[in-house]
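A.B. asks: Okay, so here is data.csv, and as you'll see once you scroll down, it has CSV, C-alpha atoms.
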```csv
chain,number,residue,atom,x,y,z
Q,1,MET,CA,-20.8,1.1,-14.3
Q,2,SER,CA,-22.7,-0.9,-11.7
Q,3,PRO,CA,-20.5,-3.3,-9.7
Q,4,ARG,CA,-20.6,-7.0,-10.6
Q,5,GLN,CA,-21.5,-9.6,-8.0
Q,6,ILE,CA,-19.2,-10.7,-5.2
Q,7,THR,CA,-19.6,-14.4,-4.4
Q,8,VAL,CA,-18.8,-15.5,-0.9
Q,9,LEU,CA,-18.3,-19.2,0.0
Q,10,GLY,CA,-18.2,-20.6,3.5
Q,11,GLU,CA,-19.9,-21.4,6.7
Q,12,CYS,CA,-22.9,-19.9,8.6
Q,13,VAL,CA,-22.5,-20.5,12.3
Q,14,ALA,CA,-25.0,-20.1,15.2
Q,15,ASP,CA,-23.2,-17.8,17.6
Q,16,ALA,CA,-24.6,-18.4,21.1
Q,17,PHE,CA,-23.6,-15.7,23.5
Q,18,THR,CA,-23.7,-16.5,27.3
Q,19,GLU,CA,-26.0,-14.3,29.3
Q,20,ALA,CA,-26.8,-14.0,33.0
Q,21,ALA,CA,-29.5,-16.5,34.2
Q,22,SER,CA,-31.9,-16.4,37.1
Q,23,THR,CA,-29.8,-18.9,39.2
Q,24,SER,CA,-26.2,-20.1,39.4
Q,25,THR,CA,-27.2,-23.5,38.0
Q,26,GLU,CA,-28.7,-22.1,34.8
Q,27,LEU,CA,-27.1,-20.8,31.6
Q,28,ALA,CA,-28.9,-18.5,29.2
Q,29,LEU,CA,-27.8,-18.3,25.6
Q,30,ARG,CA,-28.7,-15.6,23.0
Q,31,VAL,CA,-28.3,-17.1,19.6
Q,32,LEU,CA,-27.3,-14.8,16.6
Q,33,PRO,CA,-26.5,-15.9,13.0
Q,34,GLY,CA,-22.8,-15.6,12.4
Q,35,GLY,CA,-19.8,-17.3,10.8
Q,36,GLY,CA,-17.1,-15.3,9.1
Q,37,PRO,CA,-18.1,-15.8,5.5
Q,38,ALA,CA,-21.8,-15.3,6.2
Q,39,ASN,CA,-21.0,-12.1,8.1
Q,40,THR,CA,-19.0,-10.9,5.1
Q,41,ALA,CA,-21.8,-11.7,2.7
Q,42,VAL,CA,-24.4,-9.9,4.9
Q,43,SER,CA,-22.1,-6.8,5.2
Q,44,LEU,CA,-21.5,-6.7,1.4
Q,45,ALA,CA,-25.3,-6.8,0.7
Q,46,ARG,CA,-26.1,-4.2,3.3
Q,47,LEU,CA,-23.4,-1.9,1.8
Q,48,GLY,CA,-25.2,-2.2,-1.6
Q,49,THR,CA,-22.9,-4.7,-3.4
Q,50,PRO,CA,-24.8,-7.6,-5.1
Q,51,ALA,CA,-23.7,-10.5,-2.9
Q,52,ARG,CA,-24.3,-14.2,-3.4
Q,53,PHE,CA,-23.6,-16.7,-0.7
Q,54,LEU,CA,-22.6,-20.2,-1.4
Q,55,ALA,CA,-23.5,-22.1,1.7
Q,56,ARG,CA,-24.8,-25.4,2.8
Q,57,LEU,CA,-27.8,-24.5,5.0
Q,58,SER,CA,-29.4,-27.0,7.2
Q,59,GLY,CA,-33.2,-27.3,7.6
Q,60,ASP,CA,-32.9,-27.2,11.4
Q,61,VAL,CA,-33.9,-24.3,13.6
Q,62,PHE,CA,-30.6,-22.6,13.2
Q,63,GLY,CA,-30.6,-23.1,9.4
Q,64,ARG,CA,-34.0,-21.4,9.2
Q,65,LEU,CA,-32.6,-18.5,11.3
Q,66,PHE,CA,-29.6,-18.2,8.9
Q,67,ARG,CA,-31.8,-18.2,5.8
Q,68,ALA,CA,-34.1,-15.5,7.2
Q,69,HIS,CA,-31.2,-13.3,8.3
Q,70,LEU,CA,-29.3,-13.6,5.0
Q,71,GLU,CA,-32.4,-13.0,2.8
Q,72,GLU,CA,-33.5,-10.0,5.0
Q,73,SER,CA,-30.1,-8.5,4.4
Q,74,GLY,CA,-30.5,-8.9,0.6
Q,75,VAL,CA,-28.0,-11.8,0.1
Q,76,ASP,CA,-28.6,-14.0,-3.0
Q,77,LEU,CA,-29.1,-17.6,-1.8
Q,78,SER,CA,-30.0,-19.0,-5.2
Q,79,ASP,CA,-27.0,-21.4,-5.2
Q,80,ALA,CA,-27.2,-22.3,-1.5
Q,81,VAL,CA,-27.4,-26.0,-0.9
Q,82,ARG,CA,-30.3,-27.4,1.2
Q,83,ALA,CA,-28.3,-29.7,3.5
Q,84,ALA,CA,-29.5,-32.7,5.5
Q,85,GLU,CA,-26.8,-32.3,8.2
Q,86,PRO,CA,-27.2,-30.1,11.3
Q,87,SER,CA,-25.9,-26.5,11.6
Q,88,THR,CA,-22.7,-25.6,13.3
Q,89,LEU,CA,-22.9,-24.0,16.8
Q,90,ALA,CA,-20.4,-21.8,18.5
Q,91,VAL,CA,-20.7,-20.8,22.1
Q,92,ALA,CA,-19.1,-17.4,22.8
Q,93,GLU,CA,-17.8,-15.8,26.0
Q,94,LEU,CA,-16.9,-12.1,25.9
Q,95,ASP,CA,-14.1,-10.7,27.9
Q,96,ALA,CA,-13.9,-7.2,29.3
Q,97,ARG,CA,-12.7,-5.8,26.0
Q,98,GLY,CA,-15.6,-7.3,24.0
Q,99,GLN,CA,-13.3,-10.0,22.5
Q,100,ALA,CA,-15.0,-13.4,22.0
Q,101,ALA,CA,-13.6,-16.8,22.9
Q,102,PHE,CA,-15.5,-19.5,21.0
Q,103,SER,CA,-16.1,-23.2,21.7
Q,104,PHE,CA,-17.4,-25.0,18.6
Q,105,HIS,CA,-19.9,-27.8,18.1
Q,106,ALA,CA,-19.0,-28.7,14.6
Q,107,GLN,CA,-18.6,-32.4,14.1
Q,108,ASN,CA,-20.2,-33.6,10.9
Q,109,THR,CA,-22.2,-30.5,10.4
Q,110,ALA,CA,-23.6,-29.1,7.1
Q,111,ASP,CA,-20.9,-26.5,6.4
Q,112,TRP,CA,-18.0,-28.9,5.7
Q,113,GLN,CA,-19.7,-31.4,3.4
Q,114,TRP,CA,-19.1,-29.6,0.1
Q,115,THR,CA,-18.8,-31.9,-3.0
Q,116,ALA,CA,-17.3,-31.2,-6.4
Q,117,GLN,CA,-20.7,-31.8,-7.9
Q,118,GLU,CA,-22.3,-29.1,-5.8
Q,119,LEU,CA,-19.7,-26.5,-6.7
Q,120,ASP,CA,-19.4,-27.5,-10.4
Q,121,ARG,CA,-23.0,-26.2,-10.8
Q,122,VAL,CA,-22.1,-22.7,-9.8
Q,123,ASP,CA,-21.9,-20.1,-12.6
Q,124,LEU,CA,-19.3,-17.4,-11.9
Q,125,SER,CA,-19.6,-15.5,-15.2
Q,126,ALA,CA,-21.1,-12.5,-13.4
Q,127,THR,CA,-18.8,-12.6,-10.4
Q,128,ALA,CA,-16.1,-10.0,-10.1
Q,129,CYS,CA,-14.6,-11.5,-6.9
Q,130,LEU,CA,-14.9,-14.8,-5.1
Q,131,HIS,CA,-14.2,-14.5,-1.3
Q,132,THR,CA,-13.8,-17.4,1.1
Q,133,GLY,CA,-11.7,-18.5,4.0
Q,134,SER,CA,-12.0,-19.5,7.6
Q,135,LEU,CA,-13.0,-23.1,8.3
Q,136,ALA,CA,-14.3,-23.9,4.8
Q,137,LEU,CA,-10.8,-24.1,3.6
Q,138,VAL,CA,-9.5,-26.5,6.2
Q,139,GLN,CA,-12.4,-28.7,7.4
Q,140,ALA,CA,-12.7,-32.1,5.8
Q,141,PRO,CA,-14.2,-33.5,3.8
Q,142,GLY,CA,-15.2,-30.4,1.8
Q,143,ALA,CA,-12.0,-28.4,2.0
Q,144,ALA,CA,-10.4,-30.1,-1.0
Q,145,ALA,CA,-13.5,-29.4,-3.2
Q,146,VAL,CA,-13.4,-25.7,-2.1
Q,147,GLU,CA,-9.7,-25.4,-3.0
Q,148,ASP,CA,-10.3,-26.9,-6.4
Q,149,PHE,CA,-13.2,-24.5,-6.9
Q,150,LEU,CA,-10.9,-21.5,-6.1
Q,151,ALA,CA,-8.3,-22.8,-8.5
Q,152,SER,CA,-10.8,-23.1,-11.3
Q,153,ALA,CA,-12.2,-19.6,-10.7
Q,154,ALA,CA,-8.8,-17.9,-10.3
Q,155,PRO,CA,-8.0,-17.3,-14.0
Q,156,ARG,CA,-11.1,-15.1,-14.5
Q,157,THR,CA,-12.1,-13.8,-11.1
Q,158,THR,CA,-10.4,-11.9,-8.3
Q,159,ILE,CA,-9.8,-14.3,-5.4
Q,160,SER,CA,-10.0,-13.0,-1.8
Q,161,ILE,CA,-9.1,-15.1,1.3
Q,162,ASP,CA,-9.4,-14.6,5.0
Q,163,PRO,CA,-7.8,-17.5,6.9
Q,164,ASN,CA,-9.7,-16.6,10.2
Q,165,VAL,CA,-7.8,-19.2,12.2
Q,166,ARG,CA,-9.8,-21.1,14.8
Q,167,PRO,CA,-7.2,-23.0,16.8
Q,168,LEU,CA,-9.7,-24.6,19.2
Q,169,LEU,CA,-11.3,-26.4,16.2
Q,170,VAL,CA,-8.4,-26.8,13.7
Q,171,ARG,CA,-4.7,-26.9,14.6
Q,172,PRO,CA,-2.9,-23.8,13.3
Q,173,ASP,CA,-0.3,-26.0,11.6
Q,174,VAL,CA,-3.1,-27.2,9.3
Q,175,TYR,CA,-3.5,-23.6,8.1
Q,176,ARG,CA,0.2,-23.1,7.9
Q,177,ALA,CA,0.6,-26.1,5.7
Q,178,ARG,CA,-1.9,-24.7,3.2
Q,179,LEU,CA,-1.3,-21.0,3.4
Q,180,ALA,CA,1.4,-20.7,0.7
Q,181,HIS,CA,-0.9,-22.6,-1.7
Q,182,TRP,CA,-3.8,-20.2,-0.8
Q,183,CYS,CA,-1.5,-17.2,-1.5
Q,184,GLY,CA,-0.8,-18.7,-4.9
Q,185,LEU,CA,-4.5,-18.5,-5.6
Q,186,ALA,CA,-5.4,-15.3,-3.8
Q,187,ASP,CA,-5.2,-11.7,-5.0
Q,188,VAL,CA,-6.3,-10.4,-1.6
Q,189,LEU,CA,-5.3,-11.8,1.7
Q,190,ARG,CA,-7.0,-10.2,4.8
Q,191,LEU,CA,-6.2,-11.4,8.2
Q,192,SER,CA,-6.0,-10.2,11.8
Q,193,GLU,CA,-3.0,-9.7,14.0
Q,194,ASP,CA,-4.2,-12.7,16.0
Q,195,ASP,CA,-4.1,-14.8,12.8
Q,196,LEU,CA,-0.6,-13.5,12.1
Q,197,GLU,CA,0.6,-14.6,15.5
Q,198,LEU,CA,-0.9,-18.1,15.0
Q,199,LEU,CA,0.4,-18.5,11.4
Q,200,LEU,CA,3.9,-16.9,11.7
Q,201,PRO,CA,4.6,-16.6,15.5
Q,202,GLY,CA,6.9,-13.7,16.3
Q,203,THR,CA,7.1,-12.4,12.7
Q,204,PRO,CA,6.9,-8.6,12.2
Q,205,PRO,CA,3.8,-7.7,10.1
Q,206,GLU,CA,6.0,-6.2,7.3
Q,207,ARG,CA,8.0,-9.4,7.0
Q,208,ALA,CA,4.9,-11.5,6.9
Q,209,CYS,CA,3.5,-9.4,4.1
Q,210,ASP,CA,6.7,-10.0,2.1
Q,211,ILE,CA,6.5,-13.7,2.7
Q,212,TRP,CA,2.9,-13.8,1.5
Q,213,HIS,CA,3.7,-11.5,-1.5
Q,214,ALA,CA,6.4,-13.9,-2.5
Q,215,ALA,CA,3.9,-16.8,-2.4
Q,216,GLY,CA,1.6,-14.9,-4.8
Q,217,ALA,CA,-0.8,-12.6,-2.9
Q,218,ARG,CA,-0.7,-9.0,-4.4
Q,219,LEU,CA,-2.6,-7.2,-1.6
Q,220,VAL,CA,-2.1,-8.2,2.0
Q,221,VAL,CA,-4.1,-6.4,4.7
Q,222,ILE,CA,-3.5,-7.1,8.4
Q,223,THR,CA,-6.1,-5.6,10.7
Q,224,ARG,CA,-4.8,-4.7,14.2
Q,225,GLY,CA,-7.9,-3.7,16.2
Q,226,ALA,CA,-7.6,-0.4,17.9
Q,227,ASP,CA,-4.2,0.1,16.1
Q,228,GLY,CA,-5.8,0.2,12.7
Q,229,ALA,CA,-4.6,-1.7,9.7
Q,230,LEU,CA,-1.4,-2.3,7.7
Q,231,ALA,CA,-1.9,-2.8,4.0
Q,232,SER,CA,0.8,-3.9,1.6
Q,233,LEU,CA,0.4,-3.9,-2.2
Q,234,ASP,CA,3.3,-5.7,-3.8
Q,235,GLY,CA,5.5,-4.4,-1.0
Q,236,GLU,CA,4.3,-0.8,-0.9
Q,237,ARG,CA,2.9,-0.2,2.5
Q,238,VAL,CA,0.3,2.1,4.0
Q,239,ARG,CA,-1.1,2.3,7.6
Q,240,VAL,CA,-4.6,3.3,8.2
Q,241,PRO,CA,-5.8,4.3,11.7
Q,242,ALA,CA,-8.9,2.7,13.4
Q,243,VAL,CA,-12.0,4.8,13.7
Q,244,PRO,CA,-12.7,5.6,17.4
Q,245,THR,CA,-15.9,4.0,18.7
Q,246,ALA,CA,-17.5,2.8,21.9
Q,247,VAL,CA,-17.0,-1.0,21.6
Q,248,VAL,CA,-19.8,-3.3,22.6
Q,249,ASP,CA,-18.0,-6.3,21.2
Q,250,THR,CA,-15.7,-7.1,18.3
Q,251,VAL,CA,-17.6,-10.0,16.9
Q,252,GLY,CA,-17.7,-9.8,13.1
Q,253,ALA,CA,-15.5,-6.7,12.9
Q,254,GLY,CA,-12.8,-8.3,10.7
Q,255,ASP,CA,-15.5,-9.8,8.5
Q,256,SER,CA,-17.1,-6.4,8.0
Q,257,PHE,CA,-13.7,-4.8,7.4
Q,258,THR,CA,-13.2,-7.3,4.5
Q,259,ALA,CA,-16.6,-6.5,3.1
Q,260,GLY,CA,-15.9,-2.8,3.3
Q,261,LEU,CA,-12.6,-3.3,1.5
Q,262,LEU,CA,-14.1,-5.4,-1.3
Q,263,HIS,CA,-17.2,-3.2,-1.6
Q,264,HIS,CA,-15.1,-0.1,-2.1
Q,265,LEU,CA,-12.7,-1.7,-4.6
Q,266,ASP,CA,-15.6,-3.2,-6.5
Q,267,ALA,CA,-17.6,0.0,-6.7
Q,268,ARG,CA,-14.5,1.6,-8.4
Q,269,GLY,CA,-14.2,-1.2,-11.0
Q,270,LEU,CA,-11.0,-2.5,-9.6
Q,271,LEU,CA,-12.0,-6.1,-9.0
Q,272,GLY,CA,-12.5,-8.8,-11.7
Q,273,GLY,CA,-8.9,-9.8,-12.4
Q,274,ARG,CA,-5.4,-9.6,-11.0
Q,275,LEU,CA,-5.8,-6.1,-9.5
Q,276,THR,CA,-3.5,-4.8,-12.3
Q,277,GLU,CA,-5.1,-1.3,-12.1
Q,278,LEU,CA,-4.9,-1.1,-8.3
Q,279,ARG,CA,-2.7,1.6,-6.8
Q,280,LEU,CA,-1.7,2.3,-3.2
Q,281,ASP,CA,-3.9,5.3,-2.9
Q,282,ASP,CA,-6.9,3.1,-3.9
Q,283,VAL,CA,-5.9,0.7,-1.1
Q,284,ALA,CA,-5.6,3.4,1.5
Q,285,GLU,CA,-9.0,4.8,0.6
Q,286,ALA,CA,-10.6,1.4,0.6
Q,287,CYS,CA,-9.1,0.6,4.0
Q,288,ARG,CA,-10.3,3.9,5.5
Q,289,PHE,CA,-13.8,3.0,4.3
Q,290,ALA,CA,-13.5,-0.5,5.7
Q,291,ALA,CA,-12.4,0.8,9.1
Q,292,ARG,CA,-15.6,2.9,9.3
Q,293,VAL,CA,-17.7,-0.2,8.6
Q,294,ALA,CA,-15.8,-2.3,11.2
Q,295,ALA,CA,-16.1,0.5,13.8
Q,296,LEU,CA,-19.9,0.6,13.3
Q,297,THR,CA,-20.0,-3.2,13.7
Q,298,CYS,CA,-18.1,-3.0,17.0
Q,299,SER,CA,-20.6,-0.4,18.3
Q,300,VAL,CA,-23.5,-2.9,18.4
Q,301,ALA,CA,-23.9,-6.4,19.9
Q,302,GLY,CA,-22.9,-9.4,17.8
Q,303,PRO,CA,-22.1,-9.7,14.1
Q,304,ASN,CA,-24.5,-7.0,12.9
Q,305,PRO,CA,-22.8,-4.9,10.2
Q,306,PRO,CA,-24.2,-1.5,9.2
Q,307,TRP,CA,-26.5,-0.7,6.3
Q,308,ARG,CA,-25.3,1.8,3.7
Q,309,SER,CA,-27.9,4.3,4.9
Q,310,ARG,CA,-26.3,4.3,8.3
Q,311,LEU,CA,-22.9,5.2,6.8
Q,312,GLU,CA,-24.4,7.9,4.6
Q,313,GLN,CA,-26.1,9.4,7.7
Q,314,LEU,CA,-22.9,9.5,9.6
Q,315,ALA,CA,-21.0,11.0,6.6
Q,316,THR,CA,-23.6,13.7,6.3
Q,317,ALA,CA,-23.3,14.4,10.0
Q,318,GLY,CA,-19.5,14.3,9.9
Q,319,GLY,CA,-19.2,11.3,12.1
Q,320,ALA,CA,-17.6,7.9,11.7
```
What is this file in structure tokens?
C.D. replies:
Amino acid sequence: MSPRQITVLGECVADAFTEAASTSTELALRVLPGGGPANTAVSLARLGTPARFLARLSGDVFGRLFRAHLEESGVDLSDAVRAAEPSTLAVAELDARGQAAFSFHAQNTADWQWTAQELDRVDLSATACLHTGSLALVQAPGAAAVEDFLASAAPRTTISIDPNVRPLLVRPDVYRARLAHWCGLADVLRLSEDDLELLLPGTPPERACDIWHAAGARLVVITRGADGALASLDGERVRVPAVPTAVVDTVGAGDSFTAGLLHHLDARGLLGGRLTELRLDDVAEACRFAARVAALTCSVAGPNPPWRSRLEQLATAGGA
């Protein structure tokens, strides 16, 4: 059985990375198409999952870059909105570990202007899973329309959410106020240990999983960088190690992990409802695959997830 489509909803951000310039009074920027949901859609498509991206794409220079990048990766943009507003820009500085700190230029940009009318036109009948998160769920004025769209889709579609907290743009308490509601909609909640610390400061990961299970999420996965991932299915836990790799940067690693997780579950026919057939062994296998995808993303610059052919080559060679 071929997998059904995974639909991703959210932002596409111009990630501008600072680079050395010829003088101390100049700043060079290298711009790559990014944004958490867009990265996830690209990674899904490159892995071979039919992926549709619900985005509001500007007609500006960045919007044209986004569209070319998404289409070249095989993402279905048939329901993307052609937006009049400008694109969102994020300027990234990398530390010695390849971790990025972002400053956002996102006031009144295209990504946050969703309306109920735009989303009402979307047909989800061929969608096994609807994935969203990050700023699309918290940025006004479109966040309320996105939440309503999730609620209308939940009875017949697996819902996946990645909070991807951006404290410099939206206060963490805004995410905290909505998280229990999101868990009531979500079947899958994937977040990083940095997100955990912002959402539930000082809370052990296992305790956090139990809190989010109680709110409604069946599968919670907390990614922990070089320490791998903790996955909890209705309270049953499994830890999966990270795949060793030479890290160039970690931009997009969590997004590609999410894509690897959903791709693996979808390919085995486990998405499309409330995960009633999902077992802990399935979760462990999917997380191990997702860790390989994330490791390959970390091995190159920027949010550039691997194509399936690259994974197949490494599997044949016995590598990551």
A.B. asks: For the contact check between segment 156-183 of chain Q and segment 36-46 of chain Q, emit one row per residue of segment 156-183 of chain Q within 10 Å, containing the shortest atom pair and the distance in Å rounded to one decimal, counting only C-alpha atoms, chain then rising number order, as JSON lines.
C.D. replies:
```
{"residue": "Q:Ile161", "atom": "CA", "partner": "Q:Pro37", "partner_atom": "CA", "distance": 10.0}
{"residue": "Q:Asp162", "atom": "CA", "partner": "Q:Gly36", "partner_atom": "CA", "distance": 8.8}
{"residue": "Q:Pro163", "atom": "CA", "partner": "Q:Gly36", "partner_atom": "CA", "distance": 9.8}
{"residue": "Q:Asn164", "atom": "CA", "partner": "Q:Gly36", "partner_atom": "CA", "distance": 7.6}
```
A.B. asks: Between Q:Thr203, Q:Thr223, Q:Thr49, Q:Ser73, which residue has the minimum interatomic distance to Ala242 of chain Q, considering only C-alpha atoms?
C.D. replies: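 Selected residue with least distance to Ala242 of chain Q: Q:Thr223.
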A.B. asks: Using all atoms listed in the file - which residues lie no farther than 12 Å from the point (-22.5, -3.0, -11.6) in the file's frame? Write them as a ChimeraX atom specification.
C.D. replies: /Q:1-6,48-51,126-128,263,266-272
A.B. asks: Please identify all polymer residues within 8 Å of segment 114-124 of chain Q, counting only C-alpha atoms, omitting same-chain residues fewer than 3 positions from it, and present them as a list in words.
C.D. replies: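 So, after excluding close chain neighbours, the residues are Arg56, Asp79, Val81, Asp111, Thr127, Pro141, Gly142, Ala143, Ala145, Val146, Phe149 and Ala153 of chain Q.
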